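So this block is input-v4.cif, mmCIF, C-alpha atoms and all ligand atoms:
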```
data_final
loop_
_atom_site.group_PDB
_atom_site.id
_atom_site.type_symbol
_atom_site.label_atom_id
_atom_site.label_comp_id
_atom_site.auth_asym_id
_atom_site.auth_seq_id
_atom_site.Cartn_x
_atom_site.Cartn_y
_atom_site.Cartn_z
ATOM 1 C CA MET A 14 22.877 -29.994 -8.366
ATOM 2 C CA THR A 15 19.399 -31.088 -9.408
ATOM 3 C CA ASP A 16 16.011 -30.583 -7.851
ATOM 4 C CA SER A 17 15.106 -34.263 -7.920
ATOM 5 C CA ILE A 18 13.504 -35.002 -4.579
ATOM 6 C CA SER A 19 15.406 -37.426 -2.449
ATOM 7 C CA GLN A 20 13.298 -40.093 -0.794
ATOM 8 C CA SER A 21 15.959 -40.880 1.783
ATOM 9 C CA THR A 22 15.761 -39.685 5.385
ATOM 10 C CA PRO A 23 17.080 -36.110 5.485
ATOM 11 C CA ARG A 24 20.251 -35.344 7.405
ATOM 12 C CA ASP A 25 18.454 -32.369 8.999
ATOM 13 C CA THR A 26 15.114 -30.642 8.744
ATOM 14 C CA LEU A 27 14.706 -26.958 9.592
ATOM 15 C CA LEU A 28 11.492 -24.959 9.825
ATOM 16 C CA HIS A 29 11.653 -21.332 8.700
ATOM 17 C CA VAL A 30 9.360 -18.651 10.127
ATOM 18 C CA ALA A 31 9.601 -15.075 8.848
ATOM 19 C CA ASP A 32 8.294 -11.603 9.577
ATOM 20 C CA LEU A 33 6.043 -11.905 12.601
ATOM 21 C CA HIS A 34 5.624 -8.120 12.926
ATOM 22 C CA PHE A 35 4.040 -7.910 16.342
ATOM 23 C CA TRP A 36 2.692 -4.391 16.500
ATOM 24 C CA LYS A 37 1.471 -1.724 18.864
ATOM 25 C CA VAL A 38 0.183 1.734 18.052
ATOM 26 C CA THR A 39 1.843 4.176 20.434
ATOM 27 C CA CYS A 40 0.521 7.584 21.473
ATOM 28 C CA ASN A 41 3.497 8.368 23.712
ATOM 29 C CA PRO A 42 5.081 11.508 22.182
ATOM 30 C CA LEU A 43 8.498 10.464 23.516
ATOM 31 C CA HIS A 44 8.296 7.377 21.300
ATOM 32 C CA LEU A 45 7.484 9.452 18.233
ATOM 33 C CA LEU A 46 10.519 11.705 18.065
ATOM 34 C CA ASN A 47 12.277 9.604 15.419
ATOM 35 C CA LYS A 48 11.607 7.355 12.418
ATOM 36 C CA ARG A 49 8.888 5.699 14.463
ATOM 37 C CA VAL A 50 6.509 8.527 13.603
ATOM 38 C CA LEU A 51 6.436 7.029 10.083
ATOM 39 C CA GLY A 52 6.286 3.432 11.272
ATOM 40 C CA ASN A 53 3.555 4.162 13.783
ATOM 41 C CA PHE A 54 1.371 5.571 11.018
ATOM 42 C CA ASN A 55 2.112 2.516 8.902
ATOM 43 C CA VAL A 56 1.081 0.252 11.783
ATOM 44 C CA TRP A 57 -2.146 2.185 12.313
ATOM 45 C CA TRP A 58 -2.953 2.340 8.591
ATOM 46 C CA LYS A 59 -1.891 -1.099 7.329
ATOM 47 C CA ARG A 60 -0.222 -3.522 9.671
ATOM 48 C CA ARG A 61 -3.042 -3.858 12.198
ATOM 49 C CA HIS A 62 -5.239 -5.145 9.359
ATOM 50 C CA GLN A 63 -2.604 -7.427 7.824
ATOM 51 C CA PHE A 64 -1.204 -9.046 10.964
ATOM 52 C CA ALA A 65 -3.822 -10.716 13.149
ATOM 53 C CA MET A 66 -1.705 -11.229 16.259
ATOM 54 C CA ASP A 67 -4.384 -13.257 17.996
ATOM 55 C CA ARG A 68 -3.587 -16.067 15.548
ATOM 56 C CA ALA A 69 0.003 -16.406 16.737
ATOM 57 C CA ALA A 70 -0.690 -18.969 19.475
ATOM 58 C CA GLU A 71 -3.069 -20.933 17.268
ATOM 59 C CA PHE A 72 -0.494 -21.075 14.483
ATOM 60 C CA VAL A 73 2.141 -22.481 16.845
ATOM 61 C CA GLU A 74 0.071 -25.663 16.872
ATOM 62 C CA GLY A 75 0.383 -25.864 13.073
ATOM 63 C CA LEU A 76 4.122 -25.407 13.352
ATOM 64 C CA ALA A 77 4.423 -28.022 16.079
ATOM 65 C CA SER A 78 2.400 -30.559 14.113
ATOM 66 C CA ALA A 79 4.864 -30.293 11.185
ATOM 67 C CA GLY A 80 7.235 -32.421 13.259
ATOM 68 C CA PRO A 81 10.785 -31.015 13.033
ATOM 69 C CA LYS A 82 12.094 -29.148 16.065
ATOM 70 C CA SER A 83 14.879 -26.999 14.604
ATOM 71 C CA LEU A 84 13.463 -23.552 13.922
ATOM 72 C CA LEU A 85 14.920 -20.517 12.176
ATOM 73 C CA LEU A 86 13.413 -17.066 12.726
ATOM 74 C CA THR A 87 14.787 -14.478 10.275
ATOM 75 C CA GLY A 88 13.631 -11.317 11.973
ATOM 76 C CA ASP A 89 11.071 -8.544 11.833
ATOM 77 C CA PHE A 90 9.718 -9.781 15.138
ATOM 78 C CA THR A 91 8.417 -6.252 15.757
ATOM 79 C CA SER A 92 7.116 -3.321 13.717
ATOM 80 C CA THR A 93 8.805 -0.268 15.250
ATOM 81 C CA SER A 94 11.114 -1.847 17.888
ATOM 82 C CA LEU A 95 8.922 -0.789 20.820
ATOM 83 C CA VAL A 96 9.549 -2.526 24.140
ATOM 84 C CA GLU A 97 5.911 -3.665 24.136
ATOM 85 C CA GLU A 98 6.332 -5.279 20.703
ATOM 86 C CA PHE A 99 9.502 -7.090 21.800
ATOM 87 C CA ALA A 100 7.657 -8.337 24.891
ATOM 88 C CA MET A 101 4.909 -9.821 22.689
ATOM 89 C CA ALA A 102 7.507 -11.416 20.398
ATOM 90 C CA ARG A 103 9.334 -12.857 23.387
ATOM 91 C CA ALA A 104 6.097 -14.336 24.752
ATOM 92 C CA PHE A 105 5.588 -15.962 21.346
ATOM 93 C CA VAL A 106 9.102 -17.423 21.427
ATOM 94 C CA ASP A 107 8.455 -18.718 24.947
ATOM 95 C CA THR A 108 5.416 -20.549 23.542
ATOM 96 C CA LEU A 109 7.710 -22.143 20.958
ATOM 97 C CA ARG A 110 10.212 -23.056 23.667
ATOM 98 C CA ALA A 111 7.419 -24.788 25.582
ATOM 99 C CA LYS A 112 6.893 -26.909 22.459
ATOM 100 C CA HIS A 113 10.597 -27.887 22.624
ATOM 101 C CA PHE A 114 11.768 -26.031 19.535
ATOM 102 C CA ASP A 115 15.488 -25.386 19.190
ATOM 103 C CA ILE A 116 15.433 -21.757 18.029
ATOM 104 C CA HIS A 117 17.934 -19.733 15.972
ATOM 105 C CA ALA A 118 16.984 -16.055 15.648
ATOM 106 C CA ILE A 119 18.433 -13.082 13.791
ATOM 107 C CA PRO A 120 17.061 -9.516 13.681
ATOM 108 C CA GLY A 121 15.166 -7.855 10.827
ATOM 109 C CA ASN A 122 15.245 -4.191 9.926
ATOM 110 C CA HIS A 123 12.112 -3.581 12.010
ATOM 111 C CA ASP A 124 13.967 -4.918 15.075
ATOM 112 C CA VAL A 125 16.568 -2.151 14.702
ATOM 113 C CA TYR A 126 13.984 0.400 13.630
ATOM 114 C CA THR A 127 15.342 3.332 15.644
ATOM 115 C CA PHE A 128 18.909 4.261 16.592
ATOM 116 C CA GLU A 129 17.699 4.291 20.206
ATOM 117 C CA SER A 130 16.585 0.637 20.010
ATOM 118 C CA VAL A 131 20.023 -0.312 18.639
ATOM 119 C CA ARG A 132 21.838 1.575 21.408
ATOM 120 C CA ALA A 133 19.639 -0.218 23.947
ATOM 121 C CA GLN A 134 20.522 -3.580 22.266
ATOM 122 C CA ARG A 135 16.864 -4.436 22.537
ATOM 123 C CA PHE A 136 16.939 -7.396 20.134
ATOM 124 C CA GLU A 137 20.032 -8.917 21.796
ATOM 125 C CA LYS A 138 18.480 -8.572 25.249
ATOM 126 C CA TYR A 139 15.114 -10.089 24.382
ATOM 127 C CA PHE A 140 16.560 -12.958 22.338
ATOM 128 C CA ALA A 141 19.868 -13.604 24.077
ATOM 129 C CA ASP A 142 19.148 -17.317 24.383
ATOM 130 C CA CYS A 143 18.531 -17.867 20.666
ATOM 131 C CA HIS A 144 21.082 -15.530 19.105
ATOM 132 C CA PRO A 145 24.867 -16.178 18.951
ATOM 133 C CA LYS A 146 26.586 -14.399 21.858
ATOM 134 C CA SER A 147 29.621 -13.648 19.686
ATOM 135 C CA GLY A 148 27.468 -11.678 17.214
ATOM 136 C CA LEU A 149 27.140 -12.217 13.471
ATOM 137 C CA PRO A 150 28.267 -13.786 11.235
ATOM 138 C CA ALA A 151 28.238 -17.011 13.191
ATOM 139 C CA ARG A 152 27.999 -20.693 12.403
ATOM 140 C CA VAL A 153 25.849 -23.091 14.380
ATOM 141 C CA THR A 154 25.349 -26.778 13.713
ATOM 142 C CA LEU A 155 21.997 -28.518 13.394
ATOM 143 C CA PRO A 156 21.539 -31.885 15.167
ATOM 144 C CA GLY A 157 22.384 -33.940 12.050
ATOM 145 C CA GLY A 158 25.584 -31.973 11.401
ATOM 146 C CA THR A 159 24.341 -29.411 8.857
ATOM 147 C CA PRO A 160 26.109 -26.031 9.154
ATOM 148 C CA LEU A 161 23.797 -23.024 9.505
ATOM 149 C CA ILE A 162 25.569 -19.707 9.008
ATOM 150 C CA LEU A 163 23.732 -16.627 10.290
ATOM 151 C CA VAL A 164 24.762 -13.393 8.585
ATOM 152 C CA PRO A 165 24.288 -9.764 9.655
ATOM 153 C CA THR A 166 22.185 -7.727 7.228
ATOM 154 C CA VAL A 167 20.360 -5.061 9.240
ATOM 155 C CA CYS A 168 21.056 -1.518 10.372
ATOM 156 C CA PRO A 169 18.961 1.452 11.485
ATOM 157 C CA ASN A 170 18.125 4.097 8.871
ATOM 158 C CA PHE A 171 16.695 7.597 9.111
ATOM 159 C CA VAL A 172 14.090 6.980 6.416
ATOM 160 C CA SER A 173 14.734 4.009 4.119
ATOM 161 C CA SER A 174 14.448 0.268 4.809
ATOM 162 C CA GLN A 175 17.831 -0.662 3.382
ATOM 163 C CA GLY A 176 20.028 -3.313 4.923
ATOM 164 C CA ARG A 177 23.809 -3.552 5.085
ATOM 165 C CA ILE A 178 26.586 -6.120 5.157
ATOM 166 C CA THR A 179 30.204 -4.925 5.222
ATOM 167 C CA GLU A 180 33.149 -6.350 3.279
ATOM 168 C CA ALA A 181 34.688 -7.509 6.572
ATOM 169 C CA GLU A 182 31.487 -9.406 7.400
ATOM 170 C CA VAL A 183 31.445 -10.978 3.934
ATOM 171 C CA ALA A 184 35.088 -12.023 4.383
ATOM 172 C CA ARG A 185 34.298 -13.593 7.767
ATOM 173 C CA THR A 186 31.322 -15.404 6.191
ATOM 174 C CA SER A 187 33.657 -16.794 3.505
ATOM 175 C CA GLU A 188 35.959 -18.147 6.234
ATOM 176 C CA LEU A 189 33.031 -19.837 7.954
ATOM 177 C CA LEU A 190 31.942 -21.340 4.622
ATOM 178 C CA ALA A 191 35.434 -22.641 3.859
ATOM 179 C CA GLN A 192 35.572 -24.454 7.206
ATOM 180 C CA ALA A 193 32.098 -26.017 6.805
ATOM 181 C CA ASP A 194 31.124 -29.341 5.263
ATOM 182 C CA ASP A 195 29.045 -29.330 2.073
ATOM 183 C CA CYS A 196 25.304 -28.617 1.883
ATOM 184 C CA ILE A 197 25.223 -25.465 3.937
ATOM 185 C CA LEU A 198 22.322 -23.295 5.040
ATOM 186 C CA VAL A 199 22.971 -19.545 5.185
ATOM 187 C CA ALA A 200 20.368 -17.200 6.681
ATOM 188 C CA GLY A 201 19.940 -13.429 6.605
ATOM 189 C CA HIS A 202 16.961 -11.114 6.879
ATOM 190 C CA TYR A 203 17.326 -9.594 3.401
ATOM 191 C CA PRO A 204 17.141 -11.516 0.115
ATOM 192 C CA LEU A 205 20.208 -11.269 -2.110
ATOM 193 C CA LEU A 206 18.296 -11.068 -5.400
ATOM 194 C CA ASP A 207 16.437 -7.830 -6.147
ATOM 195 C CA LYS A 208 13.752 -9.599 -8.149
ATOM 196 C CA THR A 209 12.438 -13.145 -8.663
ATOM 197 C CA HIS A 210 9.176 -14.715 -9.824
ATOM 198 C CA GLY A 211 7.795 -14.067 -6.342
ATOM 199 C CA TYR A 212 8.783 -10.501 -5.472
ATOM 200 C CA GLU A 213 10.498 -7.315 -6.561
ATOM 201 C CA MET A 214 12.309 -5.088 -4.064
ATOM 202 C CA THR A 215 12.403 -1.361 -4.608
ATOM 203 C CA LYS A 216 15.828 0.230 -4.205
ATOM 204 C CA ASP A 217 15.058 1.625 -0.759
ATOM 205 C CA ARG A 218 14.287 -1.875 0.594
ATOM 206 C CA ARG A 219 17.385 -3.740 -0.661
ATOM 207 C CA LEU A 220 20.532 -4.992 1.036
ATOM 208 C CA ARG A 221 23.556 -2.782 0.446
ATOM 209 C CA ASN A 222 26.504 -4.900 -0.757
ATOM 210 C CA ALA A 223 24.236 -7.885 -1.506
ATOM 211 C CA ALA A 224 26.265 -8.628 -4.638
ATOM 212 C CA SER A 225 29.412 -9.167 -2.586
ATOM 213 C CA LEU A 226 27.764 -11.687 -0.251
ATOM 214 C CA ARG A 227 26.087 -13.447 -3.185
ATOM 215 C CA ASN A 228 29.423 -13.670 -4.974
ATOM 216 C CA ALA A 229 31.072 -15.146 -1.882
ATOM 217 C CA LEU A 230 28.358 -17.791 -1.544
ATOM 218 C CA GLY A 231 28.405 -18.584 -5.255
ATOM 219 C CA LYS A 232 32.195 -18.932 -5.457
ATOM 220 C CA SER A 233 32.520 -20.987 -2.278
ATOM 221 C CA GLY A 234 32.287 -24.242 -4.200
ATOM 222 C CA LYS A 235 29.743 -25.523 -1.651
ATOM 223 C CA ARG A 236 26.068 -26.283 -2.190
ATOM 224 C CA ILE A 237 24.225 -23.508 -0.395
ATOM 225 C CA LEU A 238 20.611 -22.628 0.319
ATOM 226 C CA TYR A 239 20.320 -18.952 1.297
ATOM 227 C CA ILE A 240 17.202 -18.334 3.430
ATOM 228 C CA ALA A 241 15.623 -14.914 3.960
ATOM 229 C CA GLY A 242 12.373 -13.116 4.730
ATOM 230 C CA HIS A 243 11.669 -9.359 4.454
ATOM 231 C CA VAL A 244 9.708 -9.386 1.182
ATOM 232 C CA HIS A 245 6.620 -11.096 2.678
ATOM 233 C CA ARG A 246 6.364 -13.367 -0.355
ATOM 234 C CA PHE A 247 7.353 -16.946 -1.109
ATOM 235 C CA SER A 248 10.085 -17.528 -3.646
ATOM 236 C CA TYR A 249 12.455 -20.438 -4.335
ATOM 237 C CA VAL A 250 14.913 -19.955 -7.167
ATOM 238 C CA ARG A 251 18.227 -21.109 -8.528
ATOM 239 C CA ASP A 252 20.765 -18.300 -8.596
ATOM 240 C CA PRO A 253 20.986 -16.949 -12.149
ATOM 241 C CA ASP A 254 24.815 -17.139 -12.110
ATOM 242 C CA PHE A 255 25.754 -19.872 -9.627
ATOM 243 C CA ASP A 256 24.285 -23.361 -9.928
ATOM 244 C CA ASN A 257 25.489 -24.289 -6.420
ATOM 245 C CA LEU A 258 23.403 -21.489 -4.872
ATOM 246 C CA SER A 259 19.636 -21.406 -4.292
ATOM 247 C CA HIS A 260 17.529 -18.689 -2.684
ATOM 248 C CA LEU A 261 14.462 -19.264 -0.503
ATOM 249 C CA CYS A 262 12.178 -16.508 0.775
ATOM 250 C CA THR A 263 9.263 -17.340 3.048
ATOM 251 C CA GLY A 264 6.194 -15.124 3.488
ATOM 252 C CA THR A 265 4.856 -13.847 6.800
ATOM 253 C CA PHE A 266 3.885 -16.369 9.464
ATOM 254 C CA PHE A 267 0.469 -14.905 10.257
ATOM 255 C CA GLY A 268 0.093 -12.000 7.836
ATOM 256 C CA ARG A 269 -2.625 -11.888 5.209
ATOM 257 C CA ASN A 270 -1.602 -12.439 1.602
ATOM 258 C CA PRO A 271 -4.741 -11.681 -0.452
ATOM 259 C CA ARG A 272 -2.873 -12.216 -3.729
ATOM 260 C CA GLU A 273 -2.623 -15.922 -2.935
ATOM 261 C CA ASN A 274 -5.642 -16.045 -0.628
ATOM 262 C CA ILE A 275 -3.614 -17.299 2.330
ATOM 263 C CA ASP A 276 -3.267 -15.859 5.822
ATOM 264 C CA GLY A 277 -0.015 -17.410 6.954
ATOM 265 C CA GLU A 278 2.868 -19.629 5.966
ATOM 266 C CA PHE A 279 6.151 -21.221 6.947
ATOM 267 C CA ALA A 280 8.726 -23.319 5.095
ATOM 268 C CA GLU A 281 10.261 -26.696 5.827
ATOM 269 C CA VAL A 282 13.788 -27.270 4.549
ATOM 270 C CA ARG A 283 15.121 -30.820 4.340
ATOM 271 C CA VAL A 284 18.864 -31.152 3.964
ATOM 272 C CA ASN A 285 20.130 -34.312 2.288
ATOM 273 C CA ASP A 286 23.736 -35.327 1.644
ATOM 274 C CA ALA A 287 23.662 -33.783 -1.844
ATOM 275 C CA ASP A 288 20.623 -31.504 -2.106
ATOM 276 C CA PHE A 289 17.866 -29.542 -0.421
ATOM 277 C CA VAL A 290 14.103 -30.084 -0.482
ATOM 278 C CA VAL A 291 11.766 -27.170 0.234
ATOM 279 C CA ILE A 292 8.195 -27.730 1.398
ATOM 280 C CA ARG A 293 5.871 -24.744 1.691
ATOM 281 C CA HIS A 294 3.186 -24.865 4.394
ATOM 282 C CA THR A 295 0.325 -22.419 3.874
ATOM 283 C CA HIS A 296 -2.753 -21.560 5.935
ATOM 284 C CA SER A 297 -6.121 -20.724 4.404
ATOM 285 C CA ASN A 298 -9.750 -21.488 5.207
ATOM 286 C CA GLU A 299 -8.783 -22.426 8.764
ATOM 287 C CA ARG A 300 -6.402 -25.215 7.851
ATOM 288 C CA TRP A 301 -2.767 -25.872 6.943
ATOM 289 C CA SER A 302 -1.704 -27.585 3.745
ATOM 290 C CA ASN A 303 1.703 -28.166 2.192
ATOM 291 C CA SER A 304 3.410 -28.805 -1.110
ATOM 292 C CA THR A 305 6.957 -29.547 -2.237
ATOM 293 C CA LYS A 306 8.431 -26.712 -4.284
ATOM 294 C CA HIS A 307 10.917 -26.897 -7.147
ATOM 295 C CA ARG A 308 13.538 -24.246 -7.769
ATOM 296 C CA VAL A 309 12.446 -21.812 -10.444
ATOM 297 C CA GLY A 310 15.199 -21.320 -12.966
ATOM 298 C CA SER A 311 16.764 -24.758 -12.603
ATOM 299 C CA PRO A 312 17.854 -26.306 -15.884
ATOM 300 C CA ASP A 313 15.500 -29.238 -15.291
ATOM 301 C CA GLN A 314 12.592 -26.806 -14.850
ATOM 302 C CA ASN A 315 13.045 -25.022 -18.173
HETATM 303 FE FE FE A 401 8.918 -7.673 7.298
HETATM 304 FE FE FE A 402 12.195 -6.521 6.817
#
```

Would you kindly transcribe this structure into structure tokens?
Ligand SMILES: [Fe+2]
Ligand SMILES: [Fe+2]
Amino acid sequence: MTDSISQSTPRDTLLHVADLHFWKVTCNPLHLLNKRVLGNFNVWWKRRHQFAMDRAAEFVEGLASAGPKSLLLTGDFTSTSLVEEFAMARAFVDTLRAKHFDIHAIPGNHDVYTFESVRAQRFEKYFADCHPKSGLPARVTLPGGTPLILVPTVCPNFVSSQGRITEAEVARTSELLAQADDCILVAGHYPLLDKTHGYEMTKDRRLRNAASLRNALGKSGKRILYIAGHVHRFSYVRDPDFDNLSHLCTGTFFGRNPRENIDGEFAEVRVNDADFVVIRHTHSNERWSNSTKHRVGSPDQN
């Protein structure tokens, strides 16, 4: 597979939005009897400065003006899985629905932040209409026929931010891959590579068993673009071991990224018959701009 950019009309185009992190500082002591006591402090200290929620509605216009209507949301809708945060995230998704987006959503680790929120199935209840009813992994099909496989990667933790995918879930993902036509999109919340040119994940923020899923994707024999969020940084790389596998991470939709002097981003993925094209849309100085990105690590890039 090469990164030469096809000029033909893509088979499908998917927009990717990551890590919304709607937040609310809670003072209710009943909400602070678990891991949320840490997360609440983090929200108060950092997140309220990084995530300007009042920009959410304004940024929907930027998303809508990009054109494509298939939209992937890879989780971290909330910060500590509070009902109030889910309600804000749902209102945001309703705004997208009003713009006629076809939405595919999976949870992030912040959407299963407490064991209580998992027991209450809060994510599944708030996003029932854009999440597979049969659970994950699941395969959906984009309008042009492109398979999109959604994989489970999140679990609650007492302290860390680690994710998890089981061997049984990897095996089921392999079955879904085997039954799918070539040029496949796979989406999870966690990246499968610990480190790229764009980010480095500390051990307590990684996906447990990532190597097994990566191996399954790499050995599938299909051309695959794996799409994730979680690291709040943009990265598009060829897998170091599997030429058929590429990895895309998209930064936060309306979070500030002072390192690059941007305050929001999303990605546009065009699927052709034999390759993928990734376009990064970034927001700075009150306007959106975009550029086509090449895979880092591709033979034709070295
Ligand atoms: Fe996040
Ligand atoms: Fe995350």

How close does chain A get to ligand FE 402 (chain A)? List, as a tab-separated table, each residue of chain A within 8 Å, its nearest atom pair and the distance in Å to one decimal, counting only C-alpha atoms and all ligand atoms.
```
residue	atom	partner	partner_atom	distance
A:Asp32	CA	A:FE402	FE	7.0
A:Gly88	CA	A:FE402	FE	7.2
A:Asp89	CA	A:FE402	FE	5.5
A:Gly121	CA	A:FE402	FE	5.2
A:Asn122	CA	A:FE402	FE	4.9
A:His123	CA	A:FE402	FE	6.0
A:Ser174	CA	A:FE402	FE	7.4
A:His202	CA	A:FE402	FE	6.6
A:Tyr203	CA	A:FE402	FE	6.9
A:Gly242	CA	A:FE402	FE	6.9
A:His243	CA	A:FE402	FE	3.7
A:Val244	CA	A:FE402	FE	6.8
```

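For the set A:Arg293, A:Arg219, A:Arg227, A:Arg24, the residue with the smallest atom-to-atom gap to Ser259 of chain A is A:Arg227, counting all atoms listed in the file.
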
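Residues matched by the PyMOL selection byres (((chain A and resi 191-195) around 10) and not hetatm) in this file: Arg152, Thr154, Gly158, Thr159, Pro160, Leu161, Ile162, Arg185, Thr186, Ser187, Glu188, Leu189, Leu190, Cys196, Ile197, Leu198, Ser233, Gly234, Lys235, Arg236, Ile237, Asp286, Ala287 and Asp288 of chain A.
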
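Compared by their closest atoms to Asp25 of chain A, and using all atoms listed in the file, the residues A:Lys216, A:Lys306, A:Arg283, A:Arg221 rank with A:Arg283 nearest.
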
Shortest contact to Thr93 of chain A, candidates A:Lys138, A:Lys208, A:Lys112, A:Lys37, atoms counted all atoms listed in the file, goes to A:Lys37
